[in-house]
file structure00.txt (compact mmCIF, C-alpha atoms (C1' of nucleotides))
# COMPACT_ATOMS: atom_id res chain seq x y z
CA MET A 1 185.08 182.55 203.88
CA LYS A 2 182.78 185.21 202.59
CA LEU A 3 182.61 188.22 200.35
CA THR A 4 181.72 191.56 201.95
CA SER A 5 178.14 192.77 201.80
CA TYR A 6 179.61 195.72 199.95
CA THR A 7 180.51 193.44 197.02
CA ASN A 8 177.09 191.91 197.24
CA TYR A 9 175.41 195.32 197.03
CA ALA A 10 177.56 196.26 194.05
CA MET A 11 176.28 193.29 192.12
CA ARG A 12 172.70 193.97 193.12
CA CYS A 13 172.97 197.55 191.88
CA LEU A 14 174.34 196.45 188.53
CA GLN A 15 171.77 193.72 188.18
CA LEU A 16 168.94 196.11 188.96
CA ALA A 17 170.28 198.66 186.49
CA ALA A 18 170.31 195.94 183.84
CA LEU A 19 166.78 194.86 184.63
CA LYS A 20 165.32 198.37 184.59
CA GLU A 21 167.17 199.47 181.46
CA PRO A 22 166.81 201.93 179.82
CA GLU A 23 165.15 203.56 182.84
CA LEU A 24 167.30 205.25 185.45
CA VAL A 25 167.47 203.57 188.86
CA ARG A 26 167.69 205.70 192.01
CA ILE A 27 169.67 204.88 195.13
CA ASP A 28 166.43 204.85 197.06
CA ASP A 29 165.07 202.20 194.71
CA VAL A 30 167.93 199.95 195.73
CA THR A 31 167.50 200.62 199.44
CA PHE A 32 163.79 199.96 199.10
CA ILE A 33 164.01 196.78 197.05
CA HIS A 34 166.94 195.23 198.86
CA GLY A 35 166.36 196.74 202.28
CA VAL A 36 169.98 197.75 202.74
CA SER A 37 171.46 200.87 204.29
CA ARG A 38 171.40 203.97 202.12
CA PRO A 39 174.96 205.16 202.84
CA GLN A 40 176.30 201.78 201.75
CA VAL A 41 174.45 202.01 198.47
CA VAL A 42 175.66 205.57 197.97
CA LYS A 43 179.24 204.48 198.43
CA VAL A 44 178.96 201.53 196.13
CA VAL A 45 177.17 203.43 193.37
CA HIS A 46 179.77 206.13 193.52
CA LYS A 47 182.61 203.63 193.28
CA LEU A 48 181.00 201.78 190.39
CA GLY A 49 180.43 205.13 188.72
CA LYS A 50 184.05 206.21 189.04
CA ALA A 51 185.16 202.88 187.61
CA GLY A 52 182.84 203.28 184.63
CA PHE A 53 180.57 200.35 185.37
CA LEU A 54 177.72 202.74 186.09
CA GLU A 55 176.83 206.10 184.66
CA THR A 56 175.47 208.35 187.40
CA VAL A 57 173.20 211.32 186.79
CA ARG A 58 173.00 214.03 189.42
CA GLY A 59 170.17 216.37 190.15
CA ARG A 60 166.44 216.10 190.01
CA ASN A 61 165.34 213.12 187.91
CA GLY A 62 168.81 211.71 188.33
CA GLY A 63 169.82 208.17 189.10
CA PHE A 64 172.13 205.66 187.49
CA ARG A 65 172.29 203.26 184.57
CA LEU A 66 174.84 200.78 183.27
CA GLY A 67 177.98 202.47 182.02
CA ARG A 68 178.44 199.91 179.24
CA PRO A 69 176.51 196.95 177.81
CA ALA A 70 175.59 194.32 180.41
CA LYS A 71 177.44 191.62 178.51
CA ASP A 72 180.67 193.62 178.87
CA ILE A 73 180.52 193.88 182.66
CA ILE A 74 182.32 190.91 184.15
CA ILE A 75 181.46 189.80 187.67
CA GLY A 76 185.09 188.91 188.39
CA ASP A 77 186.08 192.52 187.72
CA ILE A 78 183.43 193.80 190.13
CA VAL A 79 184.71 191.47 192.83
CA ARG A 80 188.27 192.66 192.26
CA LEU A 81 187.11 196.27 192.44
CA THR A 82 185.17 195.97 195.67
CA GLU A 83 187.18 193.31 197.50
CA GLY A 84 190.71 194.24 196.57
CA PRO A 85 193.23 191.39 196.76
CA LEU A 86 191.72 188.16 198.02
CA ASP A 87 193.96 187.27 200.94
CA VAL A 88 192.38 183.90 201.54
CA VAL A 89 195.29 183.04 203.82
CA GLU A 90 197.69 185.51 205.41
CA CYS A 91 200.71 184.20 203.51
CA PHE A 92 199.26 185.63 200.27
CA ASN A 93 200.33 188.99 201.63
CA PRO A 94 204.05 189.14 202.52
CA GLU A 95 203.36 192.29 204.56
CA LYS A 96 201.11 190.41 206.93
CA ASN A 97 202.67 186.98 206.78
CA THR A 98 203.88 185.31 209.96
CA CYS A 99 204.42 181.77 208.66
CA PRO A 100 208.11 180.78 208.64
CA LEU A 101 207.55 178.48 205.67
CA ILE A 102 206.63 181.27 203.25
CA GLY A 103 208.05 180.80 199.80
CA ILE A 104 208.55 177.05 200.00
CA CYS A 105 205.17 175.91 201.30
CA LYS A 106 203.08 173.94 198.81
CA LEU A 107 199.91 174.61 200.77
CA SER A 108 200.10 178.27 199.89
CA LYS A 109 200.44 177.41 196.21
CA LYS A 110 197.48 175.07 196.29
CA ILE A 111 195.24 177.64 197.95
CA GLN A 112 196.31 180.16 195.32
CA GLU A 113 195.31 177.65 192.70
CA ALA A 114 191.93 177.19 194.35
CA THR A 115 191.41 180.95 194.51
CA HIS A 116 192.18 181.21 190.81
CA ALA A 117 189.66 178.50 190.09
CA PHE A 118 187.10 180.55 192.01
CA MET A 119 187.85 183.72 190.10
CA ASP A 120 187.97 181.87 186.77
CA VAL A 121 184.32 181.01 187.14
CA LEU A 122 183.39 184.60 187.94
CA ASP A 123 185.49 185.87 185.05
CA ASN A 124 183.13 184.02 182.78
CA VAL A 125 179.93 185.53 184.12
CA THR A 126 178.59 188.92 183.09
CA ILE A 127 175.78 191.15 184.28
CA ALA A 128 173.88 190.01 181.19
CA ASP A 129 174.04 186.43 182.47
CA ILE A 130 172.60 187.30 185.86
CA SER A 131 169.73 189.38 184.49
CA GLU A 132 168.86 187.09 181.63
CA ASN A 133 165.70 185.81 183.36
CA ARG A 134 164.30 189.32 183.34
CA ILE A 135 160.60 188.56 183.70
CA PRO A 136 160.58 186.50 186.92
CA LEU A 137 163.11 188.86 188.51
CA LEU A 138 161.04 191.92 187.64
CA ASN A 139 157.92 190.18 188.90
CA ARG A 140 159.51 189.72 192.29
CA ILE A 141 160.58 193.32 192.35
CA GLU A 142 157.20 194.61 191.25
CA LEU A 143 155.53 192.60 193.99
CA LEU A 144 157.67 194.42 196.52
CA GLU A 145 156.85 197.76 194.96
CA ILE A 146 153.13 197.03 195.15
CA THR A 147 152.85 195.40 198.56
CA GLY A 148 155.39 197.77 200.09
CA LYS A 149 158.16 195.98 201.91
CA PRO A 150 157.64 193.66 204.89
CA VAL A 151 157.63 190.57 202.67
CA ILE A 152 160.14 187.81 203.23
CA PHE A 153 160.97 185.23 200.63
CA THR A 154 162.11 181.66 201.01
CA GLN A 155 163.76 179.54 198.37
CA SER A 156 160.54 177.83 197.47
CA GLY A 157 158.25 180.81 197.18
CA GLN A 158 156.80 183.63 199.18
CA THR A 159 156.01 183.80 202.85
CA SER A 160 155.14 186.72 205.02
CA MET B 1 187.35 186.68 201.39
CA LYS B 2 189.54 184.70 203.73
CA LEU B 3 189.73 181.49 205.66
CA THR B 4 189.96 181.76 209.44
CA SER B 5 193.37 181.54 211.08
CA TYR B 6 191.91 178.54 212.87
CA THR B 7 191.76 176.65 209.57
CA ASN B 8 195.25 177.81 208.80
CA TYR B 9 196.54 176.48 212.12
CA ALA B 10 194.83 173.16 211.52
CA MET B 11 196.71 172.70 208.30
CA ARG B 12 200.00 173.74 209.87
CA CYS B 13 199.54 171.18 212.65
CA LEU B 14 198.86 168.38 210.19
CA GLN B 15 201.75 169.42 207.98
CA LEU B 16 204.13 169.51 210.93
CA ALA B 17 202.95 166.10 212.13
CA ALA B 18 203.64 164.73 208.66
CA LEU B 19 207.11 166.28 208.54
CA LYS B 20 208.14 165.04 211.98
CA GLU B 21 206.74 161.55 211.51
CA PRO B 22 207.11 159.12 213.23
CA GLU B 23 208.03 161.45 216.10
CA LEU B 24 205.31 162.94 218.25
CA VAL B 25 204.75 166.68 217.94
CA ARG B 26 203.77 168.72 221.01
CA ILE B 27 201.40 171.66 221.07
CA ASP B 28 204.26 173.79 222.32
CA ASP B 29 206.30 172.82 219.25
CA VAL B 30 203.57 174.33 217.08
CA THR B 31 203.29 177.50 219.14
CA PHE B 32 207.06 177.86 219.02
CA ILE B 33 207.55 177.19 215.34
CA HIS B 34 204.55 179.12 214.10
CA GLY B 35 204.37 181.73 216.84
CA VAL B 36 200.64 181.36 217.33
CA SER B 37 198.57 181.40 220.51
CA ARG B 38 198.66 178.22 222.52
CA PRO B 39 194.92 178.04 223.31
CA GLN B 40 194.16 178.19 219.59
CA VAL B 41 196.49 175.30 218.90
CA VAL B 42 195.01 173.33 221.77
CA LYS B 43 191.53 173.76 220.34
CA VAL B 44 192.52 172.84 216.84
CA VAL B 45 194.53 169.77 217.87
CA HIS B 46 191.66 168.58 219.97
CA LYS B 47 189.20 169.00 217.12
CA LEU B 48 191.46 167.26 214.64
CA GLY B 49 191.93 164.50 217.18
CA LYS B 50 188.20 163.95 217.67
CA ALA B 51 187.73 163.83 213.91
CA GLY B 52 190.45 161.19 213.57
CA PHE B 53 192.87 163.29 211.53
CA LEU B 54 195.28 163.33 214.45
CA GLU B 55 196.03 160.79 217.13
CA THR B 56 196.66 162.56 220.43
CA VAL B 57 198.67 161.07 223.27
CA ARG B 58 198.09 162.44 226.74
CA GLY B 59 200.44 162.57 229.68
CA ARG B 60 204.15 163.04 229.99
CA ASN B 61 205.94 162.37 226.70
CA GLY B 62 202.62 162.87 224.95
CA GLY B 63 201.88 164.86 221.84
CA PHE B 64 200.20 164.08 218.56
CA ARG B 65 200.80 162.33 215.27
CA LEU B 66 198.77 161.84 212.11
CA GLY B 67 195.72 159.68 212.67
CA ARG B 68 196.02 158.11 209.23
CA PRO B 69 198.47 158.14 206.31
CA ALA B 70 199.23 161.65 205.03
CA LYS B 71 198.04 160.75 201.55
CA ASP B 72 194.60 159.96 202.98
CA ILE B 73 194.07 163.33 204.65
CA ILE B 74 192.39 165.66 202.19
CA ILE B 75 192.77 169.40 202.61
CA GLY B 76 189.19 170.00 201.48
CA ASP B 77 187.93 167.88 204.36
CA ILE B 78 189.99 169.86 206.84
CA VAL B 79 188.54 173.10 205.50
CA ARG B 80 185.02 171.72 205.81
CA LEU B 81 185.73 170.61 209.37
CA THR B 82 187.13 173.90 210.61
CA GLU B 83 185.15 176.39 208.52
CA GLY B 84 181.76 174.77 208.44
CA PRO B 85 179.55 175.82 205.51
CA LEU B 86 181.20 178.39 203.27
CA ASP B 87 178.61 181.18 203.20
CA VAL B 88 180.43 183.21 200.58
CA VAL B 89 177.29 185.32 200.17
CA GLU B 90 174.41 185.55 202.62
CA CYS B 91 171.91 183.98 200.22
CA PHE B 92 173.69 180.63 200.59
CA ASN B 93 172.07 180.44 203.99
CA PRO B 94 168.26 180.80 203.83
CA GLU B 95 168.27 181.51 207.58
CA LYS B 96 170.28 184.66 207.10
CA ASN B 97 169.14 185.70 203.64
CA THR B 98 167.59 189.11 203.09
CA CYS B 99 167.67 189.24 199.27
CA PRO B 100 164.17 189.20 197.77
CA LEU B 101 165.47 187.42 194.67
CA ILE B 102 166.46 184.24 196.49
CA GLY B 103 165.69 181.10 194.54
CA ILE B 104 165.58 182.69 191.10
CA CYS B 105 168.81 184.69 191.09
CA LYS B 106 171.49 183.41 188.72
CA LEU B 107 174.19 185.30 190.57
CA SER B 108 173.75 183.05 193.55
CA LYS B 109 174.11 179.97 191.36
CA LYS B 110 177.27 181.27 189.75
CA ILE B 111 178.89 182.03 193.07
CA GLN B 112 178.00 178.53 194.23
CA GLU B 113 179.69 177.22 191.12
CA ALA B 114 182.80 179.29 191.86
CA THR B 115 182.85 178.02 195.44
CA HIS B 116 182.67 174.45 194.20
CA ALA B 117 185.56 175.12 191.85
CA PHE B 118 187.53 176.37 194.86
CA MET B 119 186.78 173.28 196.92
CA ASP B 120 187.40 170.96 193.98
CA VAL B 121 191.02 172.03 193.93
CA LEU B 122 191.40 171.47 197.66
CA ASP B 123 189.68 168.09 197.39
CA ASN B 124 192.58 166.98 195.25
CA VAL B 125 195.32 167.98 197.67
CA THR B 126 196.44 165.87 200.60
CA ILE B 127 198.75 166.40 203.55
CA ALA B 128 201.27 164.22 201.66
CA ASP B 129 201.27 166.79 198.83
CA ILE B 130 202.04 169.69 201.13
CA SER B 131 204.83 167.94 203.01
CA GLU B 132 206.39 166.30 200.01
CA ASN B 133 209.36 168.75 199.99
CA ARG B 134 210.34 167.52 203.42
CA ILE B 135 214.00 168.54 203.47
CA PRO B 136 213.70 172.30 202.79
CA LEU B 137 210.71 172.57 205.10
CA LEU B 138 212.54 170.80 207.92
CA ASN B 139 215.59 172.98 207.31
CA ARG B 140 213.54 176.10 207.88
CA ILE B 141 212.06 174.63 211.02
CA GLU B 142 215.43 173.50 212.34
CA LEU B 143 216.83 176.95 211.78
CA LEU B 144 214.12 178.33 214.04
CA GLU B 145 214.79 175.72 216.66
CA ILE B 146 218.50 176.57 216.67
CA THR B 147 218.41 180.36 216.50
CA GLY B 148 215.40 180.55 218.80
CA LYS B 149 212.59 182.63 217.34
CA PRO B 150 212.88 186.32 216.36
CA VAL B 151 213.56 185.47 212.72
CA ILE B 152 211.33 186.76 209.98
CA PHE B 153 211.19 185.28 206.52
CA THR B 154 210.39 186.86 203.20
CA GLN B 155 209.40 185.07 200.04
CA SER B 156 212.91 185.22 198.63
CA GLY B 157 214.87 184.05 201.62
CA GLN B 158 215.70 184.93 205.17
CA THR B 159 215.91 188.36 206.76
CA SER B 160 216.07 189.34 210.39
C1' DT C 1 164.68 231.81 190.57
C1' DC C 2 164.60 228.99 194.19
C1' DA C 3 163.30 224.91 196.42
C1' DA C 4 163.26 220.11 196.02
C1' DA C 5 165.42 215.96 194.29
C1' DA C 6 169.25 213.52 193.55
C1' DG C 7 174.05 212.04 194.01
C1' DA C 8 179.04 213.20 196.47
C1' DT C 9 181.99 213.19 200.42
C1' DA C 10 183.93 212.78 204.93
C1' DT C 11 183.74 211.42 209.41
C1' DA C 12 181.80 209.02 213.34
C1' DT C 13 179.57 205.29 215.57
C1' DT C 14 177.93 200.70 216.25
C1' DT C 15 178.07 195.88 215.84
C1' DT C 16 179.87 191.62 214.89
C1' DC C 17 182.87 188.00 215.19
C1' DA C 18 187.42 186.27 214.92
C1' DA C 19 191.24 185.86 217.82
C1' DT C 20 193.18 185.36 222.11
C1' DA C 21 193.41 184.76 227.09
C1' DT C 22 192.19 182.74 231.54
C1' DT C 23 191.20 179.20 234.58
C1' DG C 24 190.87 174.83 236.14
C1' DC C 25 190.41 169.99 234.84
C1' DT C 26 192.05 165.06 233.63
C1' DT C 27 195.38 161.70 232.15
C1' DT C 28 199.82 159.54 232.13
C1' DT C 29 204.43 158.21 233.43
C1' DA C 30 209.34 159.02 235.03
C1' DT D 1 203.59 161.86 243.34
C1' DA D 2 204.76 165.70 240.81
C1' DA D 3 205.45 167.29 236.35
C1' DA D 4 204.20 167.05 231.53
C1' DA D 5 200.83 166.92 228.40
C1' DG D 6 196.19 167.32 226.41
C1' DC D 7 190.83 168.56 227.61
C1' DA D 8 187.17 171.89 228.29
C1' DA D 9 184.51 175.94 229.22
C1' DT D 10 184.16 180.59 229.63
C1' DA D 11 185.67 185.40 229.28
C1' DT D 12 187.97 189.20 227.12
C1' DT D 13 190.03 191.84 223.48
C1' DG D 14 190.41 193.94 219.15
C1' DA D 15 189.97 194.69 214.32
C1' DA D 16 187.14 195.23 210.61
C1' DA D 17 182.72 195.37 208.57
C1' DA D 18 178.51 197.61 208.55
C1' DT D 19 175.84 201.47 209.37
C1' DA D 20 174.76 206.25 210.61
C1' DT D 21 175.20 211.32 210.58
C1' DA D 22 175.97 215.61 208.62
C1' DT D 23 176.91 218.56 205.13
C1' DC D 24 178.03 219.32 200.60
C1' DT D 25 177.16 220.04 195.19
C1' DT D 26 174.49 219.57 191.05
C1' DT D 27 170.34 219.85 188.41
C1' DT D 28 165.78 221.11 187.01
C1' DG D 29 160.73 221.89 187.25
C1' DA D 30 157.19 224.83 189.09

call {"tool": "encode", "arguments": {"input": "structure00.txt", "output": "structure tokens"}}
result
Amino acid sequence: MKLTSYTNYAMRCLQLAALKEPELVRIDDVTFIHGVSRPQVVKVVHKLGKAGFLETVRGRNGGFRLGRPAKDIIIGDIVRLTEGPLDVVECFNPEKNTCPLIGICKLSKKIQEATHAFMDVLDNVTIADISENRIPLLNRIELLEITGKPVIFTQSGQTS
Amino acid sequence: MKLTSYTNYAMRCLQLAALKEPELVRIDDVTFIHGVSRPQVVKVVHKLGKAGFLETVRGRNGGFRLGRPAKDIIIGDIVRLTEGPLDVVECFNPEKNTCPLIGICKLSKKIQEATHAFMDVLDNVTIADISENRIPLLNRIELLEITGKPVIFTQSGQTS
DNA sequence: TCAAAAGATATATTTTCAATATTGCTTTTA
DNA sequence: TAAAAGCAATATTGAAAATATATCTTTTGA
């Protein structure tokens, strides 16, 4: 059970925009810092832009910034935007369902309940919450920008 | 974000065993009723058997039954058995992580929290809970057994 | 004024991994 | 003793995610 990397990248873009505010962030900054494929970032930035979560600026000296205050961007909404409906089990989607017990099966209802519990947590987290520890996050990022990439991090500090 | 069909089949096997109790259920009953691939059911039954959730009986007139009372089989445990660790985002697994912010990123912690909320719900559901409405469930199953397969169900009743 | 920087868009390709199939085994009992 | 049932390992298929390619449009500084 996992979210797509696309969703992951969306959140990283928003987080980075929050951290760098009021500076503009460029797509190449994201690809550099997070080491992910440029076309993926392009797609995600565009989608976030269309939905109003980011404001994109074309042309030389362009880039993107948050489209509204960080505290008003809810992680749950980003997940809904990039994932679409969470079909944790096939019977959530009558189109795809093959289970003969659909409609009367309590299992389905319980998994729905669990999925709601999952989203409830994310509906109470904003971009402000995940960029609140600005200094250490920016330190990590700066380190990358100075040393220039091939640096790998573990949970308990830096390695090479 | 979805669970594997393997996990789904595991739960269907346990549910069916609970419904048919004290009768033995055969692998071919599951493939017939749920229209899923036999080798998948074989695998799942075997795994559930080894873990003690099912008791399997080999040889002619064999089959399987619950390995312990339905109320003592927790859905959360089945999910853990068949899914393994839920790597909802790659940073849950330091082996696979590529994010430079690992260890200090609040997003990761919030998604962990959401995942726990998801599992918490399933840790409070047992096989007894999802087979408690025995009569309607068995009616559906019987209908299949009588009419012999090509019947498709929608959420609001039967179609063909 | 035009070339470079930046995002926009569509389509194609690759890769991964879940899902399924195949084959042959062992156990049990009518 | 043959048929019914589960056990086990390996191979194949297929769908979807991830990535790449190519070509656009917009903007602005030299």

call {"tool": "interface_residues", "arguments": {"input": "structure00.txt", "of": "chain B", "to": "chain C", "cutoff": "10 Å", "atoms": "only C-alpha atoms (C1' of nucleotides)", "output": "ChimeraX atom specification"}}
result
/B:4-6,36-40,57-62

call {"tool": "interface_residues", "arguments": {"input": "structure00.txt", "of": "chain D", "to": "chain A", "cutoff": "7 Å", "atoms": "all atoms listed in the file", "output": "PyMOL selection string"}}
result
chain D and resi 19+26-28

call {"tool": "closest_atom_pairs", "arguments": {"input": "structure00.txt", "of": "chain A", "to": "chain B", "cutoff": "7 Å", "atoms": "only C-alpha atoms", "output": "tab-separated table"}}
result
residue	atom	partner	partner_atom	distance
A:Met1	CA	B:Lys2	CA	5.0
A:Lys2	CA	B:Val88	CA	3.7
A:Leu3	CA	B:Met1	CA	5.1
A:His34	CA	B:Cys99	CA	6.0
A:Leu86	CA	B:Met1	CA	5.7
A:Asp87	CA	B:Lys2	CA	5.8
A:Val88	CA	B:Lys2	CA	3.7
A:Val89	CA	B:Lys2	CA	6.0
A:Pro94	CA	B:Thr154	CA	6.8
A:Cys99	CA	B:His34	CA	6.1
A:Pro100	CA	B:Phe153	CA	5.9
A:Leu101	CA	B:Leu137	CA	6.7
A:Ile102	CA	B:Gln155	CA	5.7
A:Gly103	CA	B:Gln155	CA	4.5
A:Cys105	CA	B:Ile130	CA	7.0
A:Lys106	CA	B:Ile130	CA	5.0
A:Leu107	CA	B:Ile130	CA	5.4
A:Ala114	CA	B:Phe118	CA	4.5
A:Thr115	CA	B:Phe118	CA	6.0
A:Ala117	CA	B:Ala117	CA	5.6
A:Phe118	CA	B:Ala114	CA	4.5
A:Met119	CA	B:Ala114	CA	6.9
A:Val121	CA	B:Ala114	CA	5.2
A:Leu122	CA	B:Ala114	CA	6.6
A:Ile130	CA	B:Lys106	CA	5.0
A:Leu137	CA	B:Leu101	CA	6.8
A:Arg140	CA	B:Leu101	CA	6.8
A:Ile152	CA	B:Pro100	CA	6.9
A:Phe153	CA	B:Pro100	CA	5.8
A:Thr154	CA	B:Ile102	CA	6.8
A:Gln155	CA	B:Gly103	CA	4.6
A:Ser156	CA	B:Gly103	CA	6.8

call {"tool": "write_last_selection", "arguments": {"input": "structure00.txt", "atoms": "C-alpha atoms", "output": "PDB file, keeping the file's coordinate frame"}}
result
ATOM      1  CA  MET A   1     185.080 182.550 203.880  1.00  0.00           C
ATOM      2  CA  LYS A   2     182.780 185.210 202.590  1.00  0.00           C
ATOM      3  CA  LEU A   3     182.610 188.220 200.350  1.00  0.00           C
ATOM      4  CA  HIS A  34     166.940 195.230 198.860  1.00  0.00           C
ATOM      5  CA  LEU A  86     191.720 188.160 198.020  1.00  0.00           C
ATOM      6  CA  ASP A  87     193.960 187.270 200.940  1.00  0.00           C
ATOM      7  CA  VAL A  88     192.380 183.900 201.540  1.00  0.00           C
ATOM      8  CA  VAL A  89     195.290 183.040 203.820  1.00  0.00           C
ATOM      9  CA  PRO A  94     204.050 189.140 202.520  1.00  0.00           C
ATOM     10  CA  CYS A  99     204.420 181.770 208.660  1.00  0.00           C
ATOM     11  CA  PRO A 100     208.110 180.780 208.640  1.00  0.00           C
ATOM     12  CA  LEU A 101     207.550 178.480 205.670  1.00  0.00           C
ATOM     13  CA  ILE A 102     206.630 181.270 203.250  1.00  0.00           C
ATOM     14  CA  GLY A 103     208.050 180.800 199.800  1.00  0.00           C
ATOM     15  CA  CYS A 105     205.170 175.910 201.300  1.00  0.00           C
ATOM     16  CA  LYS A 106     203.080 173.940 198.810  1.00  0.00           C
ATOM     17  CA  LEU A 107     199.910 174.610 200.770  1.00  0.00           C
ATOM     18  CA  ALA A 114     191.930 177.190 194.350  1.00  0.00           C
ATOM     19  CA  THR A 115     191.410 180.950 194.510  1.00  0.00           C
ATOM     20  CA  ALA A 117     189.660 178.500 190.090  1.00  0.00           C
ATOM     21  CA  PHE A 118     187.100 180.550 192.010  1.00  0.00           C
ATOM     22  CA  MET A 119     187.850 183.720 190.100  1.00  0.00           C
ATOM     23  CA  VAL A 121     184.320 181.010 187.140  1.00  0.00           C
ATOM     24  CA  LEU A 122     183.390 184.600 187.940  1.00  0.00           C
ATOM     25  CA  ILE A 130     172.600 187.300 185.860  1.00  0.00           C
ATOM     26  CA  LEU A 137     163.110 188.860 188.510  1.00  0.00           C
ATOM     27  CA  ARG A 140     159.510 189.720 192.290  1.00  0.00           C
ATOM     28  CA  ILE A 152     160.140 187.810 203.230  1.00  0.00           C
ATOM     29  CA  PHE A 153     160.970 185.230 200.630  1.00  0.00           C
ATOM     30  CA  THR A 154     162.110 181.660 201.010  1.00  0.00           C
ATOM     31  CA  GLN A 155     163.760 179.540 198.370  1.00  0.00           C
ATOM     32  CA  SER A 156     160.540 177.830 197.470  1.00  0.00           C
TER      33      SER A 156
END

call {"tool": "atom_distance", "arguments": {"input": "structure00.txt", "atom1": "atom CA of A:Gly49", "atom2": "atom CA of B:Phe92"}}
result
28.0 Å

call {"tool": "atom_distance", "arguments": {"input": "structure00.txt", "atom1": "atom CA of B:Thr82", "atom2": "atom CA of B:Phe64"}}
result
18.2 Å

call {"tool": "atom_distance", "arguments": {"input": "structure00.txt", "atom1": "atom CA of A:Val41", "atom2": "atom CA of A:Lys71"}}
result
22.7 Å

call {"tool": "decode", "arguments": {"input": "structure00.txt", "residues": "stretch 27-32 of chain B", "atoms": "all heavy atoms", "output": "PDB file, in the first residue's frame"}}
result
ATOM      1  N   ILE B  27     -10.329 -25.125  -1.681  1.00  0.00           N
ATOM      2  CA  ILE B  27      -9.752 -24.060  -2.507  1.00  0.00           C
ATOM      3  C   ILE B  27     -10.624 -23.807  -3.729  1.00  0.00           C
ATOM      4  O   ILE B  27     -10.851 -22.668  -4.124  1.00  0.00           O
ATOM      5  CB  ILE B  27      -8.303 -24.433  -2.902  1.00  0.00           C
ATOM      6  CG1 ILE B  27      -7.405 -24.170  -1.688  1.00  0.00           C
ATOM      7  CG2 ILE B  27      -7.841 -23.623  -4.102  1.00  0.00           C
ATOM      8  CD1 ILE B  27      -5.957 -24.493  -1.903  1.00  0.00           C
ATOM      9  N   ASP B  28     -11.153 -24.895  -4.301  1.00  0.00           N
ATOM     10  CA  ASP B  28     -11.991 -24.717  -5.482  1.00  0.00           C
ATOM     11  C   ASP B  28     -13.311 -24.018  -5.167  1.00  0.00           C
ATOM     12  O   ASP B  28     -13.913 -23.399  -6.044  1.00  0.00           O
ATOM     13  CB  ASP B  28     -12.235 -26.066  -6.166  1.00  0.00           C
ATOM     14  CG  ASP B  28     -10.996 -26.541  -6.919  1.00  0.00           C
ATOM     15  OD1 ASP B  28     -10.297 -25.670  -7.476  1.00  0.00           O
ATOM     16  OD2 ASP B  28     -10.708 -27.745  -6.914  1.00  0.00           O
ATOM     17  N   ASP B  29     -13.763 -24.112  -3.904  1.00  0.00           N
ATOM     18  CA  ASP B  29     -14.957 -23.343  -3.522  1.00  0.00           C
ATOM     19  C   ASP B  29     -14.651 -21.843  -3.631  1.00  0.00           C
ATOM     20  O   ASP B  29     -15.457 -21.062  -4.128  1.00  0.00           O
ATOM     21  CB  ASP B  29     -15.370 -23.644  -2.069  1.00  0.00           C
ATOM     22  CG  ASP B  29     -15.831 -25.091  -1.887  1.00  0.00           C
ATOM     23  OD1 ASP B  29     -16.279 -25.702  -2.884  1.00  0.00           O
ATOM     24  OD2 ASP B  29     -15.727 -25.603  -0.758  1.00  0.00           O
ATOM     25  N   VAL B  30     -13.481 -21.467  -3.156  1.00  0.00           N
ATOM     26  CA  VAL B  30     -13.095 -20.049  -3.186  1.00  0.00           C
ATOM     27  C   VAL B  30     -12.954 -19.563  -4.626  1.00  0.00           C
ATOM     28  O   VAL B  30     -13.471 -18.504  -4.992  1.00  0.00           O
ATOM     29  CB  VAL B  30     -11.764 -19.809  -2.429  1.00  0.00           C
ATOM     30  CG1 VAL B  30     -11.406 -18.342  -2.439  1.00  0.00           C
ATOM     31  CG2 VAL B  30     -11.870 -20.331  -1.000  1.00  0.00           C
ATOM     32  N   THR B  31     -12.272 -20.346  -5.448  1.00  0.00           N
ATOM     33  CA  THR B  31     -12.091 -19.919  -6.844  1.00  0.00           C
ATOM     34  C   THR B  31     -13.449 -19.821  -7.530  1.00  0.00           C
ATOM     35  O   THR B  31     -13.679 -18.904  -8.313  1.00  0.00           O
ATOM     36  CB  THR B  31     -11.186 -20.888  -7.638  1.00  0.00           C
ATOM     37  OG1 THR B  31     -11.770 -22.184  -7.605  1.00  0.00           O
ATOM     38  CG2 THR B  31      -9.808 -20.966  -7.045  1.00  0.00           C
ATOM     39  N   PHE B  32     -14.344 -20.720  -7.194  1.00  0.00           N
ATOM     40  CA  PHE B  32     -15.673 -20.679  -7.808  1.00  0.00           C
ATOM     41  C   PHE B  32     -16.462 -19.457  -7.342  1.00  0.00           C
ATOM     42  O   PHE B  32     -16.973 -18.674  -8.155  1.00  0.00           O
ATOM     43  CB  PHE B  32     -16.451 -21.960  -7.498  1.00  0.00           C
ATOM     44  CG  PHE B  32     -17.862 -21.923  -8.021  1.00  0.00           C
ATOM     45  CD1 PHE B  32     -18.115 -22.144  -9.369  1.00  0.00           C
ATOM     46  CD2 PHE B  32     -18.918 -21.628  -7.176  1.00  0.00           C
ATOM     47  CE1 PHE B  32     -19.408 -22.088  -9.865  1.00  0.00           C
ATOM     48  CE2 PHE B  32     -20.223 -21.566  -7.665  1.00  0.00           C
ATOM     49  CZ  PHE B  32     -20.470 -21.790  -9.012  1.00  0.00           C
TER      50      PHE B  32
END
